[in-house]
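Raw final_35.cif, mmCIF, C-alpha atoms:
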```cif
data_final
loop_
_atom_site.label_atom_id
_atom_site.label_comp_id
_atom_site.auth_asym_id
_atom_site.auth_seq_id
_atom_site.Cartn_x
_atom_site.Cartn_y
_atom_site.Cartn_z
CA MET Z 33 257.74 -129.11 3.64
CA PRO Z 34 261.53 -128.67 3.85
CA SER Z 35 264.02 -131.50 4.00
CA PRO Z 36 264.07 -133.33 7.37
CA LEU Z 37 266.71 -131.14 9.02
CA PRO Z 38 269.16 -128.54 7.74
CA PRO Z 39 272.90 -128.88 8.43
CA PRO Z 40 274.31 -127.43 11.65
CA VAL Z 41 275.67 -123.88 11.48
CA ASP Z 42 278.12 -122.33 13.92
CA LEU Z 43 276.91 -118.94 15.09
CA GLY Z 44 279.22 -118.64 18.09
CA ASP Z 45 280.81 -115.46 16.72
CA LEU Z 46 277.43 -113.81 16.13
CA LEU Z 47 275.20 -114.95 19.00
CA GLU Z 48 276.03 -114.55 22.66
CA PRO Z 49 275.52 -117.91 24.41
CA PHE Z 50 271.98 -118.22 25.80
CA ALA Z 51 273.38 -119.61 29.03
CA ARG Z 52 275.50 -116.50 29.61
CA ARG Z 53 272.82 -113.87 28.99
CA GLY Z 54 269.91 -115.86 30.36
CA VAL Z 55 266.25 -115.02 29.83
CA ASP Z 56 265.55 -111.28 29.90
CA LEU Z 57 261.96 -110.74 28.83
CA GLY Z 58 260.86 -107.37 27.50
CA LEU Z 59 259.79 -105.60 24.31
CA GLU Z 60 261.57 -102.24 24.49
CA ARG Z 61 265.02 -103.38 23.36
CA LEU Z 62 263.84 -105.17 20.22
CA ALA Z 63 261.26 -102.49 19.42
CA GLY Z 64 264.02 -99.86 19.49
CA ALA Z 65 266.35 -101.91 17.30
CA LEU Z 66 263.62 -102.67 14.76
CA ALA Z 67 262.69 -98.98 14.54
CA GLU Z 68 266.27 -98.04 13.73
CA GLY Z 69 266.53 -101.01 11.36
CA GLY Z 70 263.66 -99.80 9.18
CA HIS Z 71 260.75 -101.66 10.78
CA PRO Z 72 260.91 -104.91 8.77
CA GLU Z 73 258.15 -106.33 10.99
CA ARG Z 74 255.68 -103.86 9.50
CA ARG Z 75 256.06 -105.29 6.00
CA PHE Z 76 254.11 -108.53 6.50
CA ALA Z 77 251.12 -109.77 8.45
CA ALA Z 78 251.51 -112.45 11.11
CA ALA Z 79 249.66 -115.11 13.04
CA GLN Z 80 250.99 -115.99 16.49
CA VAL Z 81 250.90 -119.23 18.49
CA ALA Z 82 251.33 -119.32 22.27
CA GLY Z 83 251.06 -122.03 24.92
CA THR Z 84 253.22 -124.43 26.89
CA ASN Z 85 253.11 -127.54 24.69
CA GLY Z 86 252.06 -128.06 21.09
CA LYS Z 87 253.05 -124.61 19.78
CA GLY Z 88 255.52 -125.98 17.24
CA SER Z 89 253.03 -128.57 16.03
CA ILE Z 90 250.29 -125.96 15.54
CA CYS Z 91 252.74 -123.77 13.60
CA THR Z 92 253.75 -126.75 11.48
CA PHE Z 93 250.17 -127.72 10.66
CA LEU Z 94 249.25 -124.11 9.87
CA HIS Z 95 252.29 -123.64 7.64
CA ALA Z 96 251.48 -126.85 5.75
CA ILE Z 97 247.82 -125.88 5.26
CA LEU Z 98 248.74 -122.43 3.97
CA ARG Z 99 251.34 -123.91 1.64
CA ALA Z 100 248.74 -126.32 0.27
CA ALA Z 101 246.57 -123.26 -0.41
CA GLY Z 102 249.41 -121.58 -2.32
CA VAL Z 103 250.27 -118.96 0.29
CA HIS Z 104 253.82 -117.54 0.32
CA VAL Z 105 254.35 -118.17 4.04
CA GLY Z 106 257.18 -117.91 6.54
CA THR Z 107 257.38 -119.62 9.93
CA TYR Z 108 259.55 -118.77 12.93
CA ARG Z 109 260.01 -121.51 15.55
CA SER Z 110 262.08 -122.26 18.63
CA PRO Z 111 264.05 -124.02 19.87
CA HIS Z 112 265.93 -125.95 17.19
CA LEU Z 113 267.14 -129.55 17.32
CA VAL Z 114 270.39 -129.65 15.34
CA SER Z 115 270.62 -126.37 13.38
CA TRP Z 116 269.77 -122.73 13.96
CA CYS Z 117 268.39 -122.76 10.41
CA GLU Z 118 265.41 -124.81 11.64
CA ARG Z 119 264.05 -121.68 13.28
CA ILE Z 120 263.34 -119.80 10.06
CA GLN Z 121 261.42 -121.33 7.16
CA VAL Z 122 259.94 -119.78 4.02
CA ASP Z 123 257.62 -121.96 1.97
CA ASP Z 124 259.38 -125.32 1.58
CA ALA Z 125 262.92 -124.22 2.44
CA TRP Z 126 264.93 -123.53 5.57
CA ILE Z 127 266.93 -120.34 5.68
CA THR Z 128 270.44 -121.14 4.43
CA PRO Z 129 273.44 -120.88 6.79
CA THR Z 130 274.93 -118.10 4.65
CA THR Z 131 271.71 -116.08 4.63
CA LEU Z 132 271.26 -116.51 8.38
CA ARG Z 133 274.85 -115.49 9.14
CA ASP Z 134 274.59 -112.47 6.84
CA GLY Z 135 271.36 -111.39 8.50
CA LEU Z 136 272.75 -111.71 12.00
CA ALA Z 137 275.88 -109.80 10.96
CA ARG Z 138 273.79 -106.90 9.64
CA TRP Z 139 272.01 -106.62 13.00
CA GLN Z 140 275.18 -106.74 15.13
CA PRO Z 141 275.59 -102.94 15.59
CA LEU Z 142 271.96 -102.47 16.62
CA ALA Z 143 272.11 -105.59 18.80
CA ARG Z 144 275.05 -104.14 20.71
CA GLN Z 145 273.50 -100.69 20.92
CA HIS Z 146 270.18 -102.00 22.29
CA ARG Z 147 271.66 -104.93 24.23
CA LEU Z 148 269.49 -107.48 22.46
CA THR Z 149 269.30 -110.96 23.91
CA PRO Z 150 270.25 -113.84 21.57
CA PHE Z 151 266.56 -114.62 21.03
CA GLU Z 152 265.78 -110.99 20.25
CA LEU Z 153 268.66 -110.85 17.77
CA ILE Z 154 267.60 -113.93 15.85
CA THR Z 155 263.99 -112.67 15.93
CA ALA Z 156 265.13 -109.43 14.28
CA ALA Z 157 266.98 -111.45 11.63
CA ALA Z 158 263.86 -113.59 11.06
CA PHE Z 159 261.64 -110.52 10.64
CA GLU Z 160 264.07 -109.03 8.15
CA HIS Z 161 264.26 -112.31 6.23
CA PHE Z 162 260.46 -112.52 5.98
CA ALA Z 163 260.31 -108.90 4.82
CA ARG Z 164 263.02 -109.44 2.19
CA GLU Z 165 261.23 -112.57 0.97
CA ARG Z 166 257.97 -110.59 0.83
CA VAL Z 167 255.97 -113.33 2.50
CA ASP Z 168 252.21 -112.96 2.51
CA LEU Z 169 252.15 -113.97 6.17
CA ALA Z 170 254.49 -115.19 8.90
CA VAL Z 171 253.55 -117.77 11.52
CA LEU Z 172 255.27 -116.82 14.78
CA GLU Z 173 255.81 -119.31 17.60
CA VAL Z 174 256.13 -117.60 20.98
CA GLY Z 175 259.48 -118.40 22.57
CA LEU Z 176 258.61 -117.93 26.26
CA GLY Z 177 255.42 -116.65 27.84
CA GLY Z 178 253.81 -114.21 25.46
CA ARG Z 179 253.23 -110.78 26.99
CA LEU Z 180 256.93 -109.89 26.89
CA ASP Z 181 258.10 -112.35 24.25
CA ALA Z 182 260.06 -110.92 21.32
CA THR Z 183 257.54 -112.21 18.77
CA SER Z 184 254.87 -110.00 20.36
CA VAL Z 185 256.67 -106.91 19.03
CA HIS Z 186 254.99 -107.65 15.69
CA PRO Z 187 252.21 -105.06 15.37
CA HIS Z 188 249.68 -106.96 13.23
CA ARG Z 189 248.67 -110.36 14.65
CA PRO Z 190 244.94 -110.63 13.92
CA VAL Z 191 244.77 -114.40 14.46
CA ILE Z 192 246.10 -116.14 17.59
CA GLY Z 193 246.32 -119.82 18.48
CA PHE Z 194 246.87 -121.44 21.86
CA GLY Z 195 248.44 -124.80 22.55
CA ALA Z 196 247.99 -126.55 25.89
CA ILE Z 197 248.96 -124.34 28.84
CA GLY Z 198 250.69 -126.00 31.77
CA LEU Z 199 253.22 -125.45 34.54
CA ASP Z 200 256.63 -124.76 33.02
CA HIS Z 201 259.22 -121.96 33.20
CA ARG Z 202 257.92 -121.02 36.64
CA GLU Z 203 261.11 -119.09 37.34
CA HIS Z 204 260.10 -116.61 34.62
CA LEU Z 205 256.32 -116.79 34.31
CA GLY Z 206 254.98 -117.43 37.82
CA ASP Z 207 254.27 -120.26 40.23
CA THR Z 208 250.63 -120.89 39.40
CA LEU Z 209 248.78 -122.01 36.31
CA ALA Z 210 246.75 -118.80 36.42
CA ALA Z 211 249.89 -116.65 36.44
CA ILE Z 212 251.41 -118.57 33.54
CA ALA Z 213 248.16 -118.46 31.58
CA ALA Z 214 247.95 -114.69 32.10
CA GLU Z 215 251.37 -114.20 30.52
CA LYS Z 216 250.31 -116.25 27.51
CA ALA Z 217 246.80 -114.77 27.24
CA ALA Z 218 248.31 -111.30 26.90
CA VAL Z 219 249.22 -111.97 23.26
CA MET Z 220 245.58 -111.29 22.42
CA GLY Z 221 244.72 -107.78 21.28
CA PRO Z 222 241.61 -105.77 20.46
CA GLY Z 223 239.64 -107.31 17.62
CA CYS Z 224 241.87 -110.36 17.19
CA ARG Z 225 240.41 -113.82 16.67
CA ALA Z 226 241.84 -116.39 19.07
CA PHE Z 227 241.44 -120.17 19.05
CA SER Z 228 242.21 -122.79 21.64
CA ALA Z 229 241.67 -126.47 22.16
CA ALA Z 230 240.70 -127.69 25.63
CA GLN Z 231 242.55 -126.14 28.58
CA GLU Z 232 242.63 -126.80 32.29
CA PRO Z 233 239.72 -124.92 33.95
CA GLU Z 234 242.04 -122.39 35.61
CA ALA Z 235 243.77 -121.57 32.32
CA ARG Z 236 240.43 -121.43 30.49
CA ARG Z 237 239.09 -118.85 32.94
CA VAL Z 238 242.15 -116.66 32.47
CA LEU Z 239 241.97 -116.81 28.67
CA GLU Z 240 238.26 -115.97 28.69
CA ALA Z 241 238.76 -113.06 31.10
CA GLU Z 242 241.58 -111.58 29.04
CA ALA Z 243 239.60 -111.93 25.80
CA ARG Z 244 236.72 -110.01 27.38
CA ARG Z 245 239.05 -107.37 28.78
CA CYS Z 246 240.86 -106.60 25.53
CA GLY Z 247 237.97 -107.08 23.13
CA ALA Z 248 239.19 -110.23 21.39
CA SER Z 249 237.03 -113.14 20.28
CA LEU Z 250 238.00 -116.53 21.71
CA GLN Z 251 236.68 -119.80 20.30
CA TRP Z 252 237.03 -123.20 21.97
CA LEU Z 253 237.64 -126.12 19.65
CA ASP Z 254 236.96 -129.83 19.70
CA PRO Z 255 239.73 -132.10 18.41
CA LEU Z 256 239.66 -133.18 14.79
CA PRO Z 257 237.66 -136.41 14.31
CA ALA Z 258 239.54 -139.69 14.11
CA VAL Z 259 240.25 -141.12 10.68
CA ALA Z 260 237.77 -143.93 11.42
CA ASP Z 261 235.10 -141.24 11.90
CA GLY Z 262 235.93 -139.45 8.68
CA GLY Z 263 238.61 -137.17 10.07
CA PRO Z 264 241.83 -136.26 8.25
CA ARG Z 265 245.09 -138.16 8.36
CA LEU Z 266 247.84 -136.22 10.10
CA GLY Z 267 251.50 -136.02 9.25
CA LEU Z 268 252.36 -135.79 12.97
CA ALA Z 269 251.74 -138.73 15.28
CA GLY Z 270 249.75 -138.80 18.50
CA GLU Z 271 246.21 -138.20 19.66
CA LEU Z 272 247.15 -134.77 21.04
CA GLN Z 273 247.91 -133.69 17.48
CA ARG Z 274 244.19 -133.82 16.73
CA HIS Z 275 243.80 -130.95 19.22
CA ASN Z 276 246.74 -129.05 17.71
CA GLY Z 277 245.46 -129.70 14.21
CA ALA Z 278 242.06 -128.28 15.11
CA VAL Z 279 243.67 -125.02 16.24
CA ALA Z 280 245.67 -124.80 13.01
CA VAL Z 281 242.59 -125.43 10.85
CA ALA Z 282 240.59 -122.75 12.66
CA MET Z 283 243.47 -120.28 12.32
CA ALA Z 284 243.80 -121.00 8.60
CA ARG Z 285 240.07 -120.42 8.08
CA ALA Z 286 240.20 -117.14 10.00
CA LEU Z 287 243.23 -115.94 8.05
CA THR Z 288 241.50 -116.65 4.73
CA ALA Z 289 238.10 -115.29 5.79
CA PRO Z 290 236.77 -112.19 3.96
CA ASP Z 291 238.11 -109.94 6.74
CA GLY Z 292 241.42 -111.81 7.16
CA PRO Z 293 244.87 -110.87 5.85
CA LEU Z 294 244.70 -113.71 3.29
CA ALA Z 295 241.14 -112.97 2.16
CA SER Z 296 241.95 -113.60 -1.51
CA THR Z 297 243.16 -117.16 -0.79
CA PRO Z 298 240.64 -119.94 -1.45
CA LEU Z 299 240.64 -122.65 1.22
CA ASP Z 300 238.52 -125.78 0.86
CA ALA Z 301 238.30 -129.02 2.82
CA GLU Z 302 240.58 -130.94 0.45
CA THR Z 303 243.30 -128.31 0.74
CA ILE Z 304 243.07 -128.50 4.52
CA ARG Z 305 243.30 -132.30 4.44
CA ALA Z 306 246.31 -132.16 2.12
CA GLY Z 307 248.10 -129.73 4.42
CA LEU Z 308 247.41 -131.70 7.59
CA GLU Z 309 248.72 -134.89 6.01
CA ALA Z 310 251.82 -133.18 4.57
CA ALA Z 311 252.91 -131.67 7.91
CA ARG Z 312 256.32 -132.79 9.17
CA TRP Z 313 258.16 -131.73 12.31
CA PRO Z 314 260.90 -133.88 13.89
CA GLY Z 315 261.15 -135.02 17.48
CA ARG Z 316 257.47 -135.53 18.21
CA LEU Z 317 256.58 -139.22 18.70
CA GLU Z 318 259.01 -140.05 15.94
CA ARG Z 319 260.57 -143.43 15.17
CA HIS Z 320 264.26 -143.99 14.44
CA ARG Z 321 266.73 -146.87 14.63
CA TRP Z 322 269.89 -147.36 16.66
CA ARG Z 323 272.02 -150.29 15.49
CA GLY Z 324 268.92 -151.79 13.92
CA ARG Z 325 266.76 -151.43 17.05
CA GLU Z 326 263.62 -149.35 16.48
CA LEU Z 327 262.98 -146.70 19.12
CA LEU Z 328 260.77 -143.70 19.73
CA ILE Z 329 261.92 -140.16 20.43
CA ASP Z 330 259.79 -137.40 21.89
CA GLY Z 331 260.57 -133.87 23.03
CA ALA Z 332 258.57 -134.10 26.28
CA HIS Z 333 260.45 -131.76 28.63
CA ASN Z 334 257.96 -130.75 31.31
CA PRO Z 335 255.32 -132.52 33.43
CA PRO Z 336 252.31 -131.85 31.15
CA ALA Z 337 254.23 -133.15 28.13
CA ALA Z 338 255.46 -136.15 30.13
CA ALA Z 339 251.89 -137.01 31.11
CA THR Z 340 250.81 -136.74 27.47
CA LEU Z 341 253.66 -138.97 26.32
CA ARG Z 342 252.75 -141.57 28.92
CA ARG Z 343 249.13 -141.58 27.74
CA GLU Z 344 250.26 -142.07 24.15
CA LEU Z 345 252.44 -145.03 25.20
CA ASP Z 346 249.62 -146.57 27.21
CA GLN Z 347 247.45 -146.35 24.12
CA LEU Z 348 250.20 -147.95 22.07
CA ASP Z 349 250.32 -150.76 24.64
CA GLY Z 350 246.58 -151.31 24.32
CA GLY Z 351 245.27 -149.18 27.12
CA GLU Z 352 246.43 -148.90 30.70
CA PRO Z 353 249.48 -150.81 32.00
CA GLY Z 354 248.97 -154.50 31.36
CA GLY Z 355 247.64 -154.01 27.83
CA VAL Z 356 248.74 -155.86 24.72
CA ASP Z 357 252.33 -155.87 25.93
CA GLY Z 358 251.18 -157.60 29.10
CA GLY Z 359 252.68 -154.91 31.29
CA ARG Z 360 256.19 -155.70 30.10
CA PRO Z 361 258.72 -153.10 31.26
CA ARG Z 362 259.94 -150.44 28.89
CA ARG Z 363 263.46 -149.04 28.59
CA TRP Z 364 264.08 -145.29 28.54
CA LEU Z 365 266.96 -142.92 27.82
CA LEU Z 366 266.28 -139.71 29.75
CA GLY Z 367 268.13 -136.41 29.83
CA ILE Z 368 266.42 -133.59 31.77
CA GLN Z 369 267.64 -130.02 32.17
CA ARG Z 370 268.34 -129.01 35.73
CA HIS Z 371 265.72 -126.24 35.88
CA LYS Z 372 262.92 -128.65 34.93
CA GLU Z 373 260.84 -130.68 37.39
CA GLY Z 374 262.86 -133.85 36.94
CA ALA Z 375 261.42 -135.87 39.79
CA LEU Z 376 257.82 -135.23 38.77
CA MET Z 377 258.63 -136.11 35.16
CA LEU Z 378 260.15 -139.37 36.35
CA GLU Z 379 257.01 -140.21 38.32
CA LEU Z 380 254.83 -139.51 35.31
CA LEU Z 381 256.91 -141.43 32.77
CA LEU Z 382 258.08 -144.60 34.50
CA ARG Z 383 255.78 -147.54 35.17
CA PRO Z 384 256.78 -150.24 37.68
CA GLY Z 385 259.53 -152.36 36.18
CA ASP Z 386 260.60 -149.77 33.59
CA ARG Z 387 264.33 -149.04 33.40
CA ALA Z 388 265.70 -145.56 32.67
CA THR Z 389 269.26 -144.72 31.71
CA VAL Z 390 270.03 -141.17 32.82
CA VAL Z 391 272.39 -139.02 30.75
CA ALA Z 392 273.39 -135.38 30.83
CA VAL Z 393 271.93 -133.13 28.17
CA PRO Z 394 275.04 -132.01 26.27
CA GLU Z 395 276.05 -128.41 27.00
CA HIS Z 396 273.21 -127.93 29.50
CA ALA Z 397 273.06 -128.24 33.27
CA SER Z 398 271.16 -131.47 33.87
CA TRP Z 399 269.67 -133.67 36.54
CA THR Z 400 272.10 -136.38 37.60
CA LEU Z 401 271.10 -139.92 38.45
CA GLU Z 402 272.02 -139.27 42.09
CA GLU Z 403 269.83 -136.16 42.28
CA LEU Z 404 266.87 -137.92 40.70
CA ALA Z 405 267.27 -140.90 43.03
CA ALA Z 406 267.41 -138.62 46.07
CA THR Z 407 264.33 -136.58 45.14
CA CYS Z 408 262.37 -139.53 43.76
CA PRO Z 409 263.42 -142.46 46.00
CA GLY Z 410 260.54 -144.63 44.85
CA LYS Z 411 262.10 -144.79 41.39
CA ALA Z 412 265.75 -144.98 42.45
CA ASP Z 413 266.14 -148.69 41.76
CA GLN Z 414 264.85 -148.18 38.19
CA LEU Z 415 267.66 -145.79 37.23
CA GLU Z 416 271.06 -146.57 35.77
CA PRO Z 417 273.94 -144.42 34.50
CA ALA Z 418 275.64 -144.22 31.11
CA ALA Z 419 279.10 -142.90 30.35
CA SER Z 420 278.04 -141.43 27.00
CA LEU Z 421 275.07 -140.91 24.72
CA ALA Z 422 276.13 -143.91 22.65
CA ALA Z 423 276.29 -146.07 25.76
CA GLY Z 424 272.86 -144.78 26.76
CA LEU Z 425 271.46 -145.72 23.37
CA ASP Z 426 273.08 -149.16 23.70
CA SER Z 427 271.07 -149.65 26.90
CA LEU Z 428 267.92 -149.57 24.74
CA LEU Z 429 268.97 -152.52 22.58
CA PRO Z 430 267.52 -155.41 24.64
CA GLY Z 431 264.13 -156.75 23.54
CA GLY Z 432 260.83 -155.56 24.92
CA PRO Z 433 258.35 -152.79 24.17
CA LEU Z 434 259.43 -149.89 21.99
CA PRO Z 435 262.14 -147.99 23.92
CA VAL Z 436 261.88 -144.23 24.28
CA VAL Z 437 264.31 -141.30 24.30
CA ALA Z 438 262.82 -138.22 26.01
CA GLY Z 439 263.28 -135.46 28.56
CA SER Z 440 264.62 -132.59 26.48
CA LEU Z 441 264.51 -131.29 22.93
CA PHE Z 442 268.22 -130.57 23.32
CA LEU Z 443 268.80 -134.26 24.07
CA LEU Z 444 267.01 -135.15 20.85
CA GLY Z 445 269.17 -132.71 18.95
CA ALA Z 446 272.25 -134.49 20.30
CA VAL Z 447 271.13 -138.05 19.49
CA LEU Z 448 269.52 -137.46 16.08
CA PRO Z 449 272.86 -137.36 14.22
CA LEU Z 450 273.82 -140.69 15.83
CA PHE Z 451 270.91 -142.76 14.56
CA ASP Z 452 271.05 -145.25 11.69
CA ALA Z 453 270.45 -143.74 8.27
CA PRO Z 454 266.80 -144.32 7.26
CA GLU Z 455 266.04 -146.97 4.72
CA ALA Z 456 265.23 -145.78 1.21
CA ASP Z 457 261.49 -146.15 1.79
CA GLU Z 458 261.51 -144.73 5.32
CA VAL Z 459 260.70 -141.09 6.13
CA PRO Z 460 261.00 -140.56 9.91
CA GLY Z 461 258.03 -138.69 11.29
CA ALA Z 462 255.91 -139.07 8.16
CA GLY Z 463 252.46 -140.14 9.28
CA GLN Z 464 252.18 -143.76 10.30
CA PRO Z 465 255.69 -144.91 9.33
CA GLY Z 466 257.28 -142.33 11.59
CA GLY Z 467 254.65 -142.15 14.29
CA VAL Z 468 252.91 -144.35 16.81
CA PRO Z 469 250.78 -147.00 15.11
CA GLY Z 470 247.16 -146.65 16.06
CA SER Z 471 247.64 -143.25 17.66
CA HIS Z 472 246.09 -141.24 14.84
CA GLY Z 473 244.19 -143.62 12.62
CA PRO Z 474 245.20 -146.20 10.02
#
```
File written out as structure tokens:
Amino acid sequence: MPSPLPPPVDLGDLLEPFARRGVDLGLERLAGALAEGGHPERRFAAAQVAGTNGKGSICTFLHAILRAAGVHVGTYRSPHLVSWCERIQVDDAWITPTTLRDGLARWQPLARQHRLTPFELITAAAFEHFARERVDLAVLEVGLGGRLDATSVHPHRPVIGFGAIGLDHREHLGDTLAAIAAEKAAVMGPGCRAFSAAQEPEARRVLEAEARRCGASLQWLDPLPAVADGGPRLGLAGELQRHNGAVAVAMARALTAPDGPLASTPLDAETIRAGLEAARWPGRLERHRWRGRELLIDGAHNPPAAATLRRELDQLDGGEPGGVDGGRPRRWLLGIQRHKEGALMLELLLRPGDRATVVAVPEHASWTLEELAATCPGKADQLEPAASLAAGLDSLLPGGPLPVVAGSLFLLGAVLPLFDAPEADEVPGAGQPGGVPGSHGP
């Protein structure tokens, strides 16, 4: 896997700010630009991953498994934490800032002509990079939804994976779980093989109906067994990763099957285990230090992810509240974007007695302490302000259970550069040392 994170790169002169253009879903603009640009997307096969939560983890596991098998593989992810280069990976290397800037510059005339959104523009650059690198296959993480997401312009996606589907981005995808699931289910096509771990019943029904309608096969998966039961060790922490890992394993087997795009690639159980253990992706139940104090960061940014994070913490504490930590209160640093369901996230995350310092997510409209207190009055006395990110991190220094930074991936991107440098023998996010002890086996 590549080094922990690539250096930041300024693309302000090449990418219109996301906040200015906003989300503008559709396939026609990018399809037109790619046609005039020589159809780079037709020069490699792809596997696609959709869902609300867990998409990036599934992509990371799948990439690591394919690398262990010797596949020349590219992966396209979003969003990034500290650098745009995180979005485009080939084998064990991030795209370099110079290569990314050159690619975006080449697409500028077509981007202006077809009025590409920033996401569409960087997707075009990613497709061209994968084509130039002659990857055997690209793993594509859906950015938003699925039916009209830019990654769905790729014409050959015979294997599809689904992460957990939940209520998020309602302003773009619909107000109900069924509506959101329908947008994501639409990435399936005739003859494709699709895989999903457990879903809410409403989402499951939608996925099954769409698979029948379009002639796709859909397989439901059990999570990978625990290490104690003979299951593999995972390079990403958390029980939910056993669900994500199962999707990645099934996708890898389908891709390397006799009728798959990687049919000539041998894939055995040991290769799969090696890939799962080698997987690394920052910001998911990952440990760091601030002024010597160990803390946990997690990208939970919507209610389903918040509920999952709370379950992981309860397990860390020895079960439900009142476990091995004796119900001691936990300290939080929370930054939540304004368009998210901040009050519900607060209800899901905070136990009685917990304290949460509320900060703004840098460069993003965010929930203020006053707004959270007004919409969630039952938690108002557990909230406190901070004048800066550093001050917010200082609020986590007092003793007690492992403190947590959460609420937005963009918040994590802002605090990661502030943390203490890791010790020589520490690799944040690497299996047990960077994860939650006990959450995925010894």
>> Once the PyMOL selection byres ((chain Z and resi 405) around 12) is applied to the coordinates I shared, what remains selected? I want it as a VMD selection string.
In response: chain Z and resid 374 to 376 378 to 379 388 390 399 to 404 406 to 417
8 Å contact set for range 151-159 of chain Z, only C-alpha atoms, chain neighbours under 6 positions out, as a short mmCIF file (atom, residue, chain, number, x, y, z; two decimals) with C-alpha atoms, keeping the file's coordinate frame:
```cif
data_model
loop_
_atom_site.label_atom_id
_atom_site.label_comp_id
_atom_site.auth_asym_id
_atom_site.auth_seq_id
_atom_site.Cartn_x
_atom_site.Cartn_y
_atom_site.Cartn_z
CA LEU Z 47 275.20 -114.95 19.00
CA LEU Z 62 263.84 -105.17 20.22
CA LEU Z 66 263.62 -102.67 14.76
CA PRO Z 72 260.91 -104.91 8.77
CA GLU Z 73 258.15 -106.33 10.99
CA TYR Z 108 259.55 -118.77 12.93
CA ILE Z 120 263.34 -119.80 10.06
CA LEU Z 132 271.26 -116.51 8.38
CA GLY Z 135 271.36 -111.39 8.50
CA LEU Z 136 272.75 -111.71 12.00
CA TRP Z 139 272.01 -106.62 13.00
CA ALA Z 143 272.11 -105.59 18.80
CA ALA Z 182 260.06 -110.92 21.32
CA THR Z 183 257.54 -112.21 18.77
#
```
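The shortest atom-to-atom distance to Leu43 in chain Z, with only C-alpha atoms taken into account, belongs to Z:Pro150 out of Z:Gly263, Z:Gly432, Z:Pro222, Z:Pro150.
Rounded to one decimal, CA of Pro336 in chain Z and CA of Gly267 in chain Z lie 22.3 Å from each other.
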> When you draw a straight line from CA of Thr107 in chain Z to CA of Val122 in chain Z, how long is it in Å?
Replying inline: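 Atom-to-atom, CA of Thr107 in chain Z to CA of Val122 in chain Z, that is 6.4 Å.
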> Quick one: which residues end up in the PyMOL selection byres ((chain Z and resi 228) around 8) for this structure, as a ChimeraX atom specification?
Replying inline: /Z:193-195,226-227,229-231,250-253,279
